[in-house]
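Worksheet for the structure shown next.
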There are 2 protein chains.
Amino acid sequence: MPENPDGIGAAFAPHDHSHCSSRALNDATERLATEGGRLTPVRRRTLEILLESHRAMGAYEVLDRLAAEGFGRQPPVAYRALEFLVQHGLAHRLQRLNAFAACLHPGADHQPAFLICSECDRIAEVPSGPMRDALGDVASGAGFVVDRVTVEAVGTCAICAEARA
Amino acid sequence: MPENPDGIGAAFAPHDHSHCSSRALNDATERLATEGGRLTPVRRRTLEILLESHRAMGAYEVLDRLAAEGFGRQPPVAYRALEFLVQHGLAHRLQRLNAFAACLHPGADHQPAFLICSECDRIAEVPSGPMRDALGDVASGAGFVVDRVTVEAVGTCAICAEARA
DNA sequence: AGACGACTGTAACACTATAACAGAACGGAG
DNA sequence: CTCCGTTCTGTTATAGTGTTACAGTCGTCT
Ligand SMILES: [Zn+2]
Ligand SMILES: [Zn+2]
Ligand SMILES: [Zn+2]
Ligand SMILES: [Zn+2]
């Protein structure tokens, strides 16, 4: 099942991760240039930290890293940087985990679904279009107008399934 | 759009709410009888409190109510009762809100999607089958096996849309 | 230089959740 | 009925998550 670099669920296949992060960082810089946000040192470093793995990190975990590198050591330092990244589509917040993960496909204005492996904690971002359509149907039947949707699936990833066999 | 008592999104239509809660309470009692759980006083009262409205309540909000009625006043009292209800399918946890809501259709083993009105905080439970199917497809493309899914939509309900017009 | 807004840092606090332990209540075996 | 193991309730204490308020800094524009 693995071996589709850059594709859906690439996080769950062995791959050269430095590509993921350097590309995401480039895309981010580019996007902010056109959109008008400043990627200051704390913010940039926060994004780099999130990009180190396909995992979600708690705000305090990020904060520890930042503090160790000479940035502020109070919660707002991390929360502000993370909020900035989320607002500009460079990171996502995972409700189930109270945690944040870097976005690996910035550039497109997206509202993805997430696959969360309960064994290894790796995260993958997948398109949520079909689900949003299905939900829109059900919702409009109830006279409800959907604004934002959270879709988060917990399960077992390809790597862990393989390992267990 | 309103006027479909008991149907999908009934929470967003004017209705005789005492029906909702008494029926849910009956179903709950019945379900526990066959399944083998004890609906003790704290647990029953917790369920009743959740059933008072189609809103989600924080654990501490529930706790205040319980304490005022002579039950314990420490967090575990509320968290344990709520956990019991969730485990037996009599209530649900809303990840986006860090809050809990009574289940209005116990009896079926379901894993619903939620519609959350950002204006009035009312909650509706809708079937998530189509979405789970759609997600399953995408996930299996990535070699991911889905276990549990969280679907929570934030938007505007029929009542609030009406009121604004 | 001076004024302004956006950014960073701190202290203090609020909210959410769990761990660990002691006593009470229940239910079955003898 | 009594004893015993289990489940339930309550407590204290602590861990984890997130926000408010305020002060100083830095870049930018006039
Ligand atoms: Zn993304
Ligand atoms: Zn895994
Ligand atoms: Zn339900
Ligand atoms: Zn509403």
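Each chain in the structure tokens gets a letter, A, B and so on, in the order shown; residues start at 1 in every chain, and ligands are counted from 1 in the order they appear.
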Residues of chain B within 6 Å of chain A, counting only C-alpha atoms, as a ChimeraX atom specification: /B:1,9,95-96,131,134,142-158
Note to self: At a cut-off of 7 Å around ligand 3, and using only C-alpha atoms (C1' of nucleotides) and all ligand atoms, what residues come up? Please write them as a PyMOL selection string.
What the structure shows: chain B and resi 89-92+103-106+110+112+125
Polymer residues at most 12 Å from C:DA19, only C-alpha atoms (C1' of nucleotides), same-chain spacing of 4 or more positions, as a PyMOL selection string
(chain B and resi 76) or (chain D and resi 12-15)
Superposition output for chain A against chain B, all Cα paired in order, as a compact mmCIF listing (two decimals) with C-alpha atoms, in the first residue's frame:
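Final output, saved to out_26.txt:
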```
# COMPACT_ATOMS: atom_id res chain seq x y z
CA MET A 1 -37.93 23.83 7.41
CA PRO A 2 -38.89 23.03 11.06
CA GLU A 3 -41.83 20.84 12.14
CA ASN A 4 -40.50 17.33 12.08
CA PRO A 5 -40.67 16.16 15.64
CA ASP A 6 -38.33 13.27 16.48
CA GLY A 7 -36.66 13.51 13.09
CA ILE A 8 -33.21 14.62 12.11
CA GLY A 9 -32.31 17.90 13.66
CA ALA A 10 -35.42 18.04 15.78
CA ALA A 11 -33.36 20.01 18.24
CA PHE A 12 -33.49 22.95 15.85
CA ALA A 13 -37.27 23.06 15.60
CA PRO A 14 -39.65 24.17 18.33
CA HIS A 15 -40.93 21.07 20.08
CA ASP A 16 -42.26 19.71 23.33
CA HIS A 17 -38.97 19.02 24.97
CA SER A 18 -40.35 17.00 27.86
CA HIS A 19 -41.01 14.25 25.33
CA CYS A 20 -37.36 14.20 24.30
CA SER A 21 -36.10 13.85 27.81
CA SER A 22 -38.63 11.42 29.22
CA ARG A 23 -38.25 9.17 26.22
CA ALA A 24 -34.48 9.28 26.37
CA LEU A 25 -34.59 8.50 30.07
CA ASN A 26 -36.85 5.51 29.47
CA ASP A 27 -34.69 4.21 26.66
CA ALA A 28 -31.67 4.59 28.87
CA THR A 29 -33.16 2.64 31.75
CA GLU A 30 -34.20 -0.08 29.38
CA ARG A 31 -30.87 -0.27 27.66
CA LEU A 32 -28.97 -0.53 30.92
CA ALA A 33 -31.28 -3.30 32.11
CA THR A 34 -30.29 -5.51 29.19
CA GLU A 35 -26.69 -4.36 29.08
CA GLY A 36 -25.96 -4.60 32.77
CA GLY A 37 -25.08 -1.14 34.04
CA ARG A 38 -26.43 0.48 37.19
CA LEU A 39 -28.14 3.84 36.85
CA THR A 40 -27.28 5.06 40.35
CA PRO A 41 -28.61 8.34 41.76
CA VAL A 42 -25.63 10.50 40.69
CA ARG A 43 -25.61 8.98 37.24
CA ARG A 44 -29.32 9.32 36.78
CA ARG A 45 -29.31 12.89 37.97
CA THR A 46 -26.38 13.69 35.67
CA LEU A 47 -28.31 12.33 32.72
CA GLU A 48 -31.39 14.31 33.71
CA ILE A 49 -29.33 17.48 33.92
CA LEU A 50 -27.90 16.92 30.46
CA LEU A 51 -31.38 16.20 29.16
CA GLU A 52 -32.73 19.54 30.31
CA SER A 53 -31.68 21.14 27.07
CA HIS A 54 -30.30 20.42 23.65
CA ARG A 55 -27.04 21.97 24.70
CA ALA A 56 -23.68 20.60 25.71
CA MET A 57 -22.49 21.21 29.25
CA GLY A 58 -18.99 21.37 30.63
CA ALA A 59 -18.08 18.88 33.34
CA TYR A 60 -17.73 21.65 35.90
CA GLU A 61 -21.13 23.08 35.03
CA VAL A 62 -22.63 19.66 35.67
CA LEU A 63 -20.59 19.37 38.84
CA ASP A 64 -21.97 22.63 40.21
CA ARG A 65 -25.47 21.36 39.72
CA LEU A 66 -24.70 18.04 41.37
CA ALA A 67 -22.96 19.69 44.30
CA ALA A 68 -25.92 22.03 44.80
CA GLU A 69 -28.14 18.98 45.08
CA GLY A 70 -26.10 17.28 47.76
CA PHE A 71 -23.77 15.12 45.71
CA GLY A 72 -20.01 15.37 45.87
CA ARG A 73 -18.32 18.59 44.90
CA GLN A 74 -15.04 17.30 43.50
CA PRO A 75 -14.32 16.93 39.78
CA PRO A 76 -14.18 13.12 39.70
CA VAL A 77 -17.83 12.99 40.75
CA ALA A 78 -18.88 14.63 37.52
CA TYR A 79 -16.25 13.07 35.31
CA ARG A 80 -17.07 9.58 36.49
CA ALA A 81 -20.76 9.93 35.96
CA LEU A 82 -20.22 11.47 32.53
CA GLU A 83 -17.75 8.79 31.54
CA PHE A 84 -20.24 6.14 32.54
CA LEU A 85 -22.95 7.72 30.43
CA VAL A 86 -20.66 8.08 27.44
CA GLN A 87 -19.44 4.51 27.73
CA HIS A 88 -22.99 3.23 27.73
CA GLY A 89 -24.03 5.38 24.82
CA LEU A 90 -26.32 7.60 26.91
CA ALA A 91 -24.30 10.74 26.33
CA HIS A 92 -21.71 12.03 23.94
CA ARG A 93 -18.59 14.04 24.33
CA LEU A 94 -18.08 17.07 22.08
CA GLN A 95 -14.41 17.53 21.35
CA ARG A 96 -14.68 21.08 20.09
CA LEU A 97 -16.44 22.24 23.21
CA ASN A 98 -14.84 20.11 25.92
CA ALA A 99 -18.39 19.34 26.87
CA PHE A 100 -21.03 16.65 27.09
CA ALA A 101 -24.54 16.26 25.74
CA ALA A 102 -27.22 13.68 26.39
CA CYS A 103 -27.89 11.23 23.62
CA LEU A 104 -31.40 11.52 22.32
CA HIS A 105 -31.51 8.23 20.47
CA PRO A 106 -29.99 5.67 22.77
CA GLY A 107 -30.74 2.08 21.92
CA ALA A 108 -29.01 2.13 18.59
CA ASP A 109 -25.27 1.65 18.76
CA HIS A 110 -24.31 4.77 16.94
CA GLN A 111 -21.41 7.07 16.38
CA PRO A 112 -23.18 10.21 15.25
CA ALA A 113 -22.08 13.47 13.71
CA PHE A 114 -22.95 16.70 15.51
CA LEU A 115 -24.30 20.03 14.39
CA ILE A 116 -23.38 22.82 16.76
CA CYS A 117 -25.04 26.21 16.45
CA SER A 118 -22.50 28.90 17.21
CA GLU A 119 -25.20 31.41 18.09
CA CYS A 120 -27.42 29.54 20.52
CA ASP A 121 -25.17 26.60 21.42
CA ARG A 122 -27.86 24.07 20.63
CA ILE A 123 -26.64 20.67 19.51
CA ALA A 124 -28.16 18.15 17.12
CA GLU A 125 -27.13 14.60 16.51
CA VAL A 126 -27.30 13.35 12.94
CA PRO A 127 -26.36 10.04 11.33
CA SER A 128 -22.75 9.86 10.21
CA GLY A 129 -22.99 6.79 8.00
CA PRO A 130 -22.39 8.52 4.66
CA MET A 131 -19.47 10.47 6.06
CA ARG A 132 -17.88 7.42 7.59
CA ASP A 133 -18.16 5.64 4.27
CA ALA A 134 -16.54 8.52 2.41
CA LEU A 135 -13.77 8.73 4.96
CA GLY A 136 -13.22 4.99 4.89
CA ASP A 137 -12.54 5.19 1.16
CA VAL A 138 -9.98 7.95 1.49
CA ALA A 139 -8.36 6.29 4.47
CA SER A 140 -7.99 2.89 2.89
CA GLY A 141 -6.22 4.60 0.00
CA ALA A 142 -3.57 5.48 2.56
CA GLY A 143 -3.57 2.05 4.16
CA PHE A 144 -5.24 3.43 7.24
CA VAL A 145 -7.86 1.45 9.13
CA VAL A 146 -10.40 3.71 10.80
CA ASP A 147 -11.58 2.89 14.29
CA ARG A 148 -13.55 5.86 15.62
CA VAL A 149 -14.46 9.09 13.87
CA THR A 150 -15.30 12.51 15.25
CA VAL A 151 -17.47 14.69 13.03
CA GLU A 152 -18.52 18.04 14.43
CA ALA A 153 -19.92 20.86 12.35
CA VAL A 154 -20.21 24.42 13.58
CA GLY A 155 -22.76 26.66 11.90
CA THR A 156 -26.14 28.30 12.22
CA CYS A 157 -29.33 26.47 13.14
CA ALA A 158 -32.78 26.96 11.69
CA ILE A 159 -34.11 28.83 14.70
CA CYS A 160 -31.27 31.35 14.73
CA ALA A 161 -31.39 31.82 10.96
CA GLU A 162 -35.10 32.55 11.24
CA ALA A 163 -34.58 34.94 14.11
CA ARG A 164 -31.99 36.91 12.21
CA ALA A 165 -34.29 37.44 9.23
```
task = Just the residues within 10 Å of D:DC26, please, counting only C-alpha atoms (C1' of nucleotides), with nothing from its chain fewer than 3 positions along; format it as a PyMOL selection string.
result = chain C and resi 6-8
For the selection just defined, write its residues with C-alpha atoms (C1' of nucleotides) to a file, as a PDB file, in the first residue's frame.
```pdb
ATOM      1  C1'  DA C   6       2.405  44.945  15.437  1.00  0.00           C
ATOM      2  C1'  DC C   7       5.203  41.768  18.017  1.00  0.00           C
ATOM      3  C1'  DT C   8       7.350  39.533  22.200  1.00  0.00           C
TER       4       DT C   8
END
```
Show me which bits of chain D are within 9 Å of chain A, counting only C-alpha atoms (C1' of nucleotides), as a PyMOL selection string. chain D and resi 17-19
Requested in this report: Select residues of chain C: the criterion is any atom within 12 Å of an atom of chain B, counting only C-alpha atoms (C1' of nucleotides); output as a PyMOL selection string.
Outcome: chain C and resi 15-20+25-26
| request: Using DSSP on the backbone, list every residue of stretch 26-152 of chain A that comes out as helix (DSSP H, G or I), and give them as an MDAnalysis selection string. | output: chainID A and resid 26:35 41:51 59:68 75:87 129:141
As a ChimeraX atom specification, which residues of stretch 8-151 of chain A does DSSP assign to strand (DSSP E or B)?
/A:55,57,91-94,99-102,113-117,122-126,145-151
Write the residues you've just listed into a file as a compact mmCIF listing (two decimals), in the first residue's frame, and include N, CA and C atoms for each of them.
```txt
# COMPACT_ATOMS: atom_id res chain seq x y z
N ARG A 55 3.72 14.28 13.41
CA ARG A 55 2.96 14.10 14.61
C ARG A 55 2.36 15.43 15.05
N MET A 57 1.79 18.10 18.14
CA MET A 57 2.46 18.44 19.40
C MET A 57 1.57 19.33 20.24
N ALA A 91 -0.69 25.55 9.78
CA ALA A 91 -0.77 24.47 10.76
C ALA A 91 -2.24 24.20 11.05
N HIS A 92 -2.50 23.09 11.67
CA HIS A 92 -3.86 22.73 12.00
C HIS A 92 -3.93 22.36 13.46
N ARG A 93 -5.16 22.55 14.00
CA ARG A 93 -5.35 22.16 15.38
C ARG A 93 -6.13 20.86 15.40
N LEU A 94 -5.70 19.91 16.22
CA LEU A 94 -6.41 18.63 16.33
C LEU A 94 -7.20 18.61 17.62
N ALA A 99 -3.85 19.45 20.33
CA ALA A 99 -2.50 19.54 19.82
C ALA A 99 -2.50 20.14 18.42
N PHE A 100 -1.30 20.43 17.94
CA PHE A 100 -1.15 21.11 16.66
C PHE A 100 -0.20 20.34 15.75
N ALA A 101 -0.47 20.42 14.44
CA ALA A 101 0.40 19.77 13.48
C ALA A 101 0.62 20.70 12.30
N ALA A 102 1.81 20.66 11.74
CA ALA A 102 2.10 21.49 10.58
C ALA A 102 1.25 21.04 9.40
N ALA A 113 -9.59 16.63 6.49
CA ALA A 113 -9.88 15.63 7.50
C ALA A 113 -8.54 15.05 7.97
N PHE A 114 -8.52 14.47 9.16
CA PHE A 114 -7.27 13.93 9.68
C PHE A 114 -7.39 12.47 10.03
N LEU A 115 -6.31 11.75 9.74
CA LEU A 115 -6.20 10.36 10.16
C LEU A 115 -5.14 10.32 11.25
N ILE A 116 -5.51 9.78 12.39
CA ILE A 116 -4.62 9.77 13.55
C ILE A 116 -4.34 8.34 13.94
N CYS A 117 -3.09 7.91 13.85
CA CYS A 117 -2.77 6.54 14.25
C CYS A 117 -2.64 6.47 15.76
N ARG A 122 1.24 9.19 14.50
CA ARG A 122 1.43 9.92 13.26
C ARG A 122 0.09 10.44 12.76
N ILE A 123 0.15 11.54 12.04
CA ILE A 123 -1.03 12.23 11.55
C ILE A 123 -0.97 12.33 10.03
N ALA A 124 -2.09 12.11 9.35
CA ALA A 124 -2.13 12.43 7.92
C ALA A 124 -3.33 13.30 7.64
N GLU A 125 -3.13 14.16 6.66
CA GLU A 125 -4.16 15.11 6.26
C GLU A 125 -4.76 14.59 4.96
N VAL A 126 -6.05 14.44 4.91
CA VAL A 126 -6.67 13.99 3.66
C VAL A 126 -7.82 14.92 3.29
N VAL A 145 -27.08 25.45 8.56
CA VAL A 145 -26.08 25.88 7.59
C VAL A 145 -24.70 25.67 8.19
N VAL A 146 -23.93 24.82 7.53
CA VAL A 146 -22.61 24.46 8.06
C VAL A 146 -21.58 25.52 7.74
N ASP A 147 -20.77 25.85 8.76
CA ASP A 147 -19.70 26.81 8.55
C ASP A 147 -18.36 26.06 8.48
N ARG A 148 -17.93 25.53 9.61
CA ARG A 148 -16.67 24.77 9.64
C ARG A 148 -16.94 23.35 10.14
N VAL A 149 -16.16 22.42 9.62
CA VAL A 149 -16.34 21.02 10.03
C VAL A 149 -15.04 20.45 10.55
N THR A 150 -15.14 19.68 11.61
CA THR A 150 -13.99 18.94 12.13
C THR A 150 -14.19 17.47 11.83
N VAL A 151 -13.26 16.87 11.11
CA VAL A 151 -13.32 15.43 10.87
C VAL A 151 -12.00 14.82 11.30
```
Selection: 12 Å around D:DC22, only C-alpha atoms (C1' of nucleotides), excl. self and same-chain fewer than 3 positions, as a PDB file with C-alpha atoms (C1' of nucleotides), in the first residue's frame:
```
ATOM      1  C1'  DG C   9       7.765  38.712  26.842  1.00  0.00           C
ATOM      2  C1'  DT C  10       6.111  38.224  31.780  1.00  0.00           C
ATOM      3  C1'  DA C  11       3.021  37.376  35.761  1.00  0.00           C
ATOM      4  C1'  DA C  12      -1.121  35.819  37.198  1.00  0.00           C
TER       5       DA C  12
END
```
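Atom C1' of D:DT20 is positioned 9.3 Å from atom C1' of C:DA14.
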